[in-house]
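Only one structure is covered here, and it is reproduced in the block below.
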Amino acid sequence: MINKIVKSAEEAVADIFDGAVVLISGFGEAGSPIELIHALIDHGAKDLTVISNNTGSGHVGLAALIENKQVKKMICSFPRTANSTVFPDLYYKKEIELELVPQGTLAERIRAGGAGIPAFFTPSSVNTPLAEGKEARIFDGKTYVMEHAIKADFSLVKCKAADRYGNLTYNKTARNFGPIMCTAANTTIVQAKQIVEPGEIDPEIVVTPGIFVTKVVEVTNPEAESKLVAEDRRYPCQ
Amino acid sequence: MINKIVKSAEEAVADIFDGAVVLISGFGEAGSPIELIHALIDHGAKDLTVISNNTGSGHVGLAALIENKQVKKMICSFPRTANSTVFPDLYYKKEIELELVPQGTLAERIRAGGAGIPAFFTPSSVNTPLAEGKEARIFDGKTYVMEHAIKADFSLVKCKAADRYGNLTYNKTARNFGPIMCTAANTTIVQAKQIVEPGEIDPEIVVTPGIFVTKVVEVTNPEAESKLVAEDRRYPCQ
Amino acid sequence: MPIIEKKIGWDRNQMAQKAAFDIPDGSYVNLGIGMPELVAGFVPEGREVIYHTENGLLGMGQIPENGKEDPELINAGKKCITAIPGACFFHHADSFTMIRGSHIDICVLGAFQVSEEGDLANWSTGKPGAIPAVGGAMDLVAGVKTIFVITQHLTKNGDSKIVEKCTYPLTGKGVVNRIYTNLAILDVTENGLFVRELAPDVTFEYLQQNTGARLNQY
Amino acid sequence: MPIIEKKIGWDRNQMAQKAAFDIPDGSYVNLGIGMPELVAGFVPEGREVIYHTENGLLGMGQIPENGKEDPELINAGKKCITAIPGACFFHHADSFTMIRGSHIDICVLGAFQVSEEGDLANWSTGKPGAIPAVGGAMDLVAGVKTIFVITQHLTKNGDSKIVEKCTYPLTGKGVVNRIYTNLAILDVTENGLFVRELAPDVTFEYLQQNTGARLNQY
């Protein structure tokens with residue numbers, strides 16, 4: 001029997017190794033798998049390359065992972081966020097690398113990684129500093145740059161409901177990068193607000209087919225990052 | 001007020017011009033917009049380039065459009081189907097052109113057309129006759145061929161439910177090429193089994209966002225191609 | 001550039017209203033963070049405009065009532081929003097299909113600088129050591145059919161944001177179609193910048209004096 | 001090639017059963033049209049295998065009861081099917097993301113010819129004037145992790161389908177991992193074809209006589 005459900009976030013992230021490339025879902029706090037990230041902090045894997053749209057806020061979640069010096073390099077579109085000081089501090093001290101990618105190119109590179117497309121052409125960033133050093137090419141009189149797929153060792157993704165096959169649904173704009181990140185990692189680890197029986201999710205409304213998911217852990221009451229930040233909470237708790 | 005609903009299939013296809021490039025949804029009969037195709041036969045636009053996975057069966061739907069000599073060229077992955085004699089006959093007489101494309105490449109080229117990606121690399125067809133004349137390139141030691149986006153003037157698509165914004169859901173495996181074809185045409189024309197009020201389709205389960213749709217016509221009881229073929233029906237009726 | 005001493009021209013809401021007036025009925029529109037967000041408040045009566053937010057929603061509605069905010073229903077500026085009946089959610093690759101694939105009709109963005117050829121700089125001042133952050137701006141200007149810029153005409157230091165050539169790193173080259181400032185509305189054309197409308201009490205000469213690029217009259 | 005005169009070896013169901021036995025529990029599997037479809041009937045007890053059909057379904061179930069067919073619920077061979085609880089539907093680009101992106105574990109395909117280097121020809125006999133039709137075969141062999149071929153060892157004319165070099169147009173080069181024929185199971189390795197199992201009453205010598213490529217014994 002196929003059963004991708006694991007008992008704890010700790011067990012879910014146990015295989016993440018030093019130096020791993022990790023996709024982390026979320027746009028701001030929406031869709032950020034905060035419990036999985038905290039489990040990864042407890043786990044301690046370091047020298048990670050993390051791909052996520054932002055760099056977290058306050059001292060919890062992704063910001064806490066960065067603050068705990070587990071991240072060697074960030075690949076993201078927008079490393080500045082309200083209440084974000086952790087990444088900027090390390091960046092100014094040159095203790096963390098940054099690869100800045102336009103948001104749509106970031107999404108498409110991840111989608112390409114999952115779809116077996118090694119490279120594609122996009123009009124985004126042409127004639128800007130972010131296109132420097134990249135191969136340019138003209139199609140139908142318009143210039144495009146070539147971008148390469150992003151593939152990762154692990155994805156950490158937050159969703160709404162999951163079944164034992166790994167079929168997923170999401171909540172509102174917390175969907176964002178989740179579905180494409182599920183496709184682009186060797187091991188996709190998901191935290192679901194609810195685990196349901198196979199068939200309870202109508203096959204017409206499954207957003208992430210189970211084939212893209214490796215492990216699912218139920219986190220019934222996930223923390224809201226903004227609430228933790230407002231309370232000035234830290235992880236690990238001090 | 002945005003209202004993409006039109007009164008008849010005739011009105012829906014009225015703008016299709018001679019020489020147009022037309023995407024037609026469906027995999028076999030599932031998802032084939034047979035009433036829109038019949039309206040296009042009545043309309044009479046000719047010298048069409050049609051992109052569809054197959055070439056229809058019997059003497060109705062896509063096969064009837066081809067039989068009526070409105071199609072100059074087919075782009076598809078599988079032009080042979082059970083009960084399909086119309087395309088083969090014209091092909092042997094060299095009265096219709098064929099561009100054969102692997103099914104996954106066909107899907108990805110259409111998706112790229114909708115997504116503003118002019119070209120991409122794929123491992124499919126490498127070292128086969130279908131890669132001849134195409135640019136090949138090695139990424140990470142593996143060879144890929146470059147494929148170009150497909151963009152069309154019109155898409156004809158069948159769906160299950162639609163609202164006045166053009167938000168769509170589909171039925172089972174009749175979804176197939178519909179969602180990507182909606183994105184890749186200047187004008188996307190949809191036949192829906194049911195038109196519903198905005199909001200009746202849960203925003204979480206919309207498959208095709210309305211932005212990709214131009215016109216919607218309600219066809220409450222669409223014909224089943226296989227039934228028409230079994231009855232040896234023809235279009236136009238004789 | 002001379003500094004404007006007396007307060008003339010449009011205020012932020014008036015600028016937003018001017019931009020809103022130029023958005024046709026039935027348009028699909030993406031609004032950038034900041035002043036562009038104001039545009040949604042001024043859709044003329046009788047028009048229906050659908051707002052796209054690149055983090056995965058088409059059909060963005062009003063700001064939610066107090067206490068009804070959902071931290072998983074936010075816009076690109078990470079503010080809580082609502083969804084209209086007929087809205088839909090989708091993932092980031094599909095969202096940028098809408099943008100890059102030229103399905104969005106109009107995008108309204110802020111600017112650091114706009115050149116007379118429509119080059120836009122709005123993501124980085126290029127200062128050494130500053131943390132660069134680009135978000136979806138480069139995708140929007142590359143893919144959306146029509147780009148409106150809404151911005152103060154002058155920087156806080158009194159420098160014109162409308163320039164012959166951008167000195168800041170570009171977001172896109174030749175991408176801006178129209179500029180809404182507190183002093184005027186400018187069209188970017190193949191023949192340079194044309195003044196579409198002057199704010200009250202602003203003369204063409206005054207505008208030219210306060211603009212770092214050559215202006216033309218229709 | 002010599003023609004086999006007496007009927008020895010496995011029948012179609014036995015070949016399918018042999019292939020099914022080699023599909024591990026929990027695999028995601030795509031079955032080609034024809035003999036590969038038989039494999040689904042022989043999943044050993046205690047194993048759960050999820051079937052993918054490239055026209056947009058993961059979790060294909062049994063053939064529907066008479067009268068319960070839905071012409072909009074079909075497989076890649078355009079036959080009516082059912083969906084298991086826990087199935088999901090998706091569009092063609094997502095379906096080929098599963099294929100091209102190497103998410104499908106095993107694909108079982110028919111063949112016109114397989115070479116000793118694992119080249120597969122199964123879409124065209126290359127006859128002039130014949131209508132070429134490729135479907136998803138080239139995507140499957142390019143993307144799926146493991147490719148099983150299931151085929152009669154000889155053509156109706158008695159020619160070996162296992163050859164040194166394919167003479168028909170290729171579907172993919174060096175893509176086949178294992179071949180199930182009525183006479184034997186063969187592994188395609190870097191060092192050539194190895195006999196994994198012989199059908200009852202088939203000797204290595206007999207197999208080699210009836211095979212158009214050099215065989216090796218483990």
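In the structure tokens, chains take the letters A, B, ... in the order shown, each chain's residues start at 1, and ligands count up from 1 in the order shown.
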Excluding same-chain residues fewer than 2 positions from Thr167 (chain C), what lies within 10 Å of it counting only C-alpha atoms, as a VMD selection string?
chain C and resid 112 to 115 121 125 to 126 163 to 165 169 to 170
Mind writing the picked residues with all heavy atoms as a compact mmCIF listing (two decimals), in the first residue's frame?
```txt
# COMPACT_ATOMS: atom_id res chain seq x y z
N PHE C 112 11.55 54.84 -10.39
CA PHE C 112 12.65 55.73 -9.97
C PHE C 112 12.95 56.70 -11.11
O PHE C 112 13.13 57.88 -10.91
CB PHE C 112 13.91 54.92 -9.64
CG PHE C 112 13.79 54.00 -8.46
CD1 PHE C 112 14.61 52.88 -8.34
CD2 PHE C 112 12.87 54.24 -7.44
CE1 PHE C 112 14.53 52.03 -7.25
CE2 PHE C 112 12.78 53.40 -6.34
CZ PHE C 112 13.62 52.29 -6.25
N GLN C 113 12.99 56.13 -12.32
CA GLN C 113 13.26 56.92 -13.50
C GLN C 113 12.54 56.32 -14.71
O GLN C 113 12.40 55.10 -14.80
CB GLN C 113 14.77 56.93 -13.83
CG GLN C 113 15.63 57.67 -12.83
CD GLN C 113 17.12 57.59 -13.20
OE1 GLN C 113 17.59 56.56 -13.69
NE2 GLN C 113 17.84 58.66 -12.93
N VAL C 114 12.10 57.21 -15.61
CA VAL C 114 11.59 56.77 -16.92
C VAL C 114 12.30 57.60 -17.97
O VAL C 114 12.39 58.82 -17.85
CB VAL C 114 10.07 56.99 -17.07
CG1 VAL C 114 9.58 56.38 -18.38
CG2 VAL C 114 9.30 56.42 -15.90
N SER C 115 12.81 56.94 -19.00
CA SER C 115 13.51 57.69 -20.05
C SER C 115 12.54 58.08 -21.15
O SER C 115 11.43 57.55 -21.25
CB SER C 115 14.63 56.85 -20.64
OG SER C 115 14.13 56.00 -21.66
N ALA C 121 13.30 52.34 -14.84
CA ALA C 121 14.15 51.88 -13.73
C ALA C 121 13.31 52.01 -12.47
O ALA C 121 12.92 53.12 -12.09
CB ALA C 121 15.42 52.74 -13.63
N THR C 125 18.46 51.27 -6.96
CA THR C 125 19.15 52.54 -7.16
C THR C 125 20.61 52.29 -7.50
O THR C 125 21.37 53.22 -7.72
CB THR C 125 19.08 53.39 -5.89
OG1 THR C 125 19.63 52.62 -4.80
CG2 THR C 125 17.64 53.76 -5.56
N GLY C 126 20.97 51.00 -7.55
CA GLY C 126 22.32 50.64 -7.95
C GLY C 126 23.39 51.03 -6.95
O GLY C 126 24.58 50.98 -7.25
N VAL C 163 13.71 61.31 -17.61
CA VAL C 163 15.08 61.59 -17.99
C VAL C 163 15.35 61.21 -19.45
O VAL C 163 14.59 60.45 -20.05
CB VAL C 163 16.08 60.81 -17.08
CG1 VAL C 163 15.98 61.32 -15.65
CG2 VAL C 163 15.80 59.31 -17.14
N GLU C 164 16.44 61.75 -19.98
CA GLU C 164 16.85 61.34 -21.34
C GLU C 164 17.26 59.88 -21.34
O GLU C 164 16.93 59.12 -22.23
CB GLU C 164 18.03 62.20 -21.81
CG GLU C 164 17.60 63.44 -22.54
CD GLU C 164 18.81 64.24 -23.01
OE1 GLU C 164 19.85 63.62 -23.34
OE2 GLU C 164 18.70 65.48 -23.02
N LYS C 165 18.04 59.54 -20.33
CA LYS C 165 18.56 58.17 -20.23
C LYS C 165 18.59 57.81 -18.76
O LYS C 165 19.05 58.61 -17.93
CB LYS C 165 19.99 58.15 -20.79
CG LYS C 165 20.26 56.98 -21.70
CD LYS C 165 21.62 57.09 -22.35
CE LYS C 165 22.11 55.72 -22.76
NZ LYS C 165 21.20 55.03 -23.69
N PRO C 169 19.85 51.13 -12.72
CA PRO C 169 19.72 49.88 -13.50
C PRO C 169 18.30 49.73 -14.03
O PRO C 169 17.33 50.03 -13.33
CB PRO C 169 20.03 48.79 -12.46
CG PRO C 169 20.78 49.47 -11.36
CD PRO C 169 20.28 50.89 -11.33
N LEU C 170 18.20 49.26 -15.26
CA LEU C 170 16.89 49.16 -15.91
C LEU C 170 16.05 47.99 -15.38
O LEU C 170 16.57 46.95 -14.99
CB LEU C 170 17.05 48.98 -17.42
CG LEU C 170 17.58 50.17 -18.21
CD1 LEU C 170 17.46 49.89 -19.71
CD2 LEU C 170 16.86 51.46 -17.85
```
Within 6 Å of chain A: each chain D residue with its shortest pair, only C-alpha atoms, as a tab-separated table:
```
residue	atom	partner	partner_atom	distance
D:Gly26	CA	A:Ile2	CA	5.5
D:Glu48	CA	A:Met1	CA	5.2
D:Pro85	CA	A:Gly199	CA	4.1
D:Gly86	CA	A:Pro198	CA	4.2
D:Ala87	CA	A:Pro203	CA	5.4
D:Cys88	CA	A:Pro203	CA	4.0
D:Phe89	CA	A:Glu204	CA	5.6
D:Thr97	CA	A:Ala115	CA	4.0
D:Arg100	CA	A:Gly116	CA	5.0
D:Gly101	CA	A:Gly116	CA	3.9
```
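For the pair CA of Pro222 (chain B) and CA of Lys158 (chain B), the separation is 9.4 Å.
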Write out as number ranges by chain all residues of region 15-218 of chain D that backbone DSSP assigns to strand (DSSP E or B).
D: 28-31, 50-53, 57-60, 74, 80, 83-89, 106-109, 113-115, 120-121, 146-150, 154, 160, 162-163, 172, 178-180, 184-189, 192-198, 212, 215-217
Provide the CA of Asn66 (chain C) to CA of Glu223 (chain A) distance in Å, to one decimal place.
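Distance between the two atoms: 20.6 Å.
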Long-range neighbours of region 69-86 of chain B as number ranges by chain, 7 Å cut-off, only C-alpha atoms, 3 positions minimum in chain:
B: 45-58, 63, 65-66, 89-90, 96-103; D: 133-135
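Rounded to one decimal, CA of Ile74 (chain D) and CA of Glu29 (chain B) lie 9.5 Å from each other.
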Which is closer to chain B than all the others in A:Ala192, A:Ala20, A:Ala174, A:Leu40, using only C-alpha atoms?
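That would be A:Ala174, the residue with the smallest distance to chain B.
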Of C:Ala83, C:Ala137, C:Ala20, C:Leu193, the one nearest to Pro44 (chain C) when counting only C-alpha atoms is C:Ala20
What's around Glu205 (chain D) at 10 Å? Count only C-alpha atoms, leave out sequence neighbours fewer than 5 positions away in its own chain, and write the answer as a list in words.
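In the requested format, the answer is Asn210, Thr211 and Leu215 of chain D.
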Got a sec: who's within 10 Å of Lys79 (chain C), counting only C-alpha atoms, leaving out chain neighbours fewer than 5 positions off, as a list in words?
Gly28 of chain A; Ile33, Ile63, Pro64, Glu69, Asp70, Pro71, Glu72, Leu73 and Ile74 of chain C
Put those residues in a file: N, CA, C and O atoms, as a PDB file, in the first residue's frame.
```
ATOM      1  N   GLY A  28       5.868  35.661   0.986  1.00  0.00           N
ATOM      2  CA  GLY A  28       5.716  36.184   2.337  1.00  0.00           C
ATOM      3  C   GLY A  28       5.365  35.025   3.234  1.00  0.00           C
ATOM      4  O   GLY A  28       5.861  33.901   3.072  1.00  0.00           O
TER       5      GLY A  28
ATOM      6  N   ILE C  33       2.973  47.796  -6.266  1.00  0.00           N
ATOM      7  CA  ILE C  33       2.894  48.122  -4.835  1.00  0.00           C
ATOM      8  C   ILE C  33       3.040  49.631  -4.656  1.00  0.00           C
ATOM      9  O   ILE C  33       3.796  50.281  -5.370  1.00  0.00           O
ATOM     10  N   ILE C  63     -10.258  45.793   0.223  1.00  0.00           N
ATOM     11  CA  ILE C  63      -9.567  45.477   1.481  1.00  0.00           C
ATOM     12  C   ILE C  63     -10.593  44.865   2.441  1.00  0.00           C
ATOM     13  O   ILE C  63     -11.728  45.315   2.486  1.00  0.00           O
ATOM     14  N   PRO C  64     -10.223  43.797   3.148  1.00  0.00           N
ATOM     15  CA  PRO C  64     -11.210  43.151   4.031  1.00  0.00           C
ATOM     16  C   PRO C  64     -11.573  44.037   5.227  1.00  0.00           C
ATOM     17  O   PRO C  64     -10.820  44.933   5.611  1.00  0.00           O
ATOM     18  N   GLU C  69      -9.435  39.657   8.129  1.00  0.00           N
ATOM     19  CA  GLU C  69      -8.235  39.420   7.328  1.00  0.00           C
ATOM     20  C   GLU C  69      -7.846  37.945   7.379  1.00  0.00           C
ATOM     21  O   GLU C  69      -7.977  37.289   8.404  1.00  0.00           O
ATOM     22  N   ASP C  70      -7.377  37.441   6.236  1.00  0.00           N
ATOM     23  CA  ASP C  70      -6.870  36.070   6.142  1.00  0.00           C
ATOM     24  C   ASP C  70      -5.415  36.169   5.678  1.00  0.00           C
ATOM     25  O   ASP C  70      -5.156  36.624   4.567  1.00  0.00           O
ATOM     26  N   PRO C  71      -4.467  35.754   6.532  1.00  0.00           N
ATOM     27  CA  PRO C  71      -3.053  35.890   6.134  1.00  0.00           C
ATOM     28  C   PRO C  71      -2.692  35.024   4.923  1.00  0.00           C
ATOM     29  O   PRO C  71      -1.594  35.154   4.388  1.00  0.00           O
ATOM     30  N   GLU C  72      -3.598  34.150   4.505  1.00  0.00           N
ATOM     31  CA  GLU C  72      -3.341  33.381   3.296  1.00  0.00           C
ATOM     32  C   GLU C  72      -4.122  33.927   2.096  1.00  0.00           C
ATOM     33  O   GLU C  72      -4.265  33.250   1.078  1.00  0.00           O
ATOM     34  N   LEU C  73      -4.647  35.129   2.233  1.00  0.00           N
ATOM     35  CA  LEU C  73      -5.306  35.806   1.107  1.00  0.00           C
ATOM     36  C   LEU C  73      -4.733  37.212   1.026  1.00  0.00           C
ATOM     37  O   LEU C  73      -5.256  38.157   1.607  1.00  0.00           O
ATOM     38  N   ILE C  74      -3.599  37.307   0.323  1.00  0.00           N
ATOM     39  CA  ILE C  74      -2.845  38.554   0.286  1.00  0.00           C
ATOM     40  C   ILE C  74      -2.529  38.956  -1.152  1.00  0.00           C
ATOM     41  O   ILE C  74      -2.653  38.151  -2.076  1.00  0.00           O
TER      42      ILE C  74
END
```
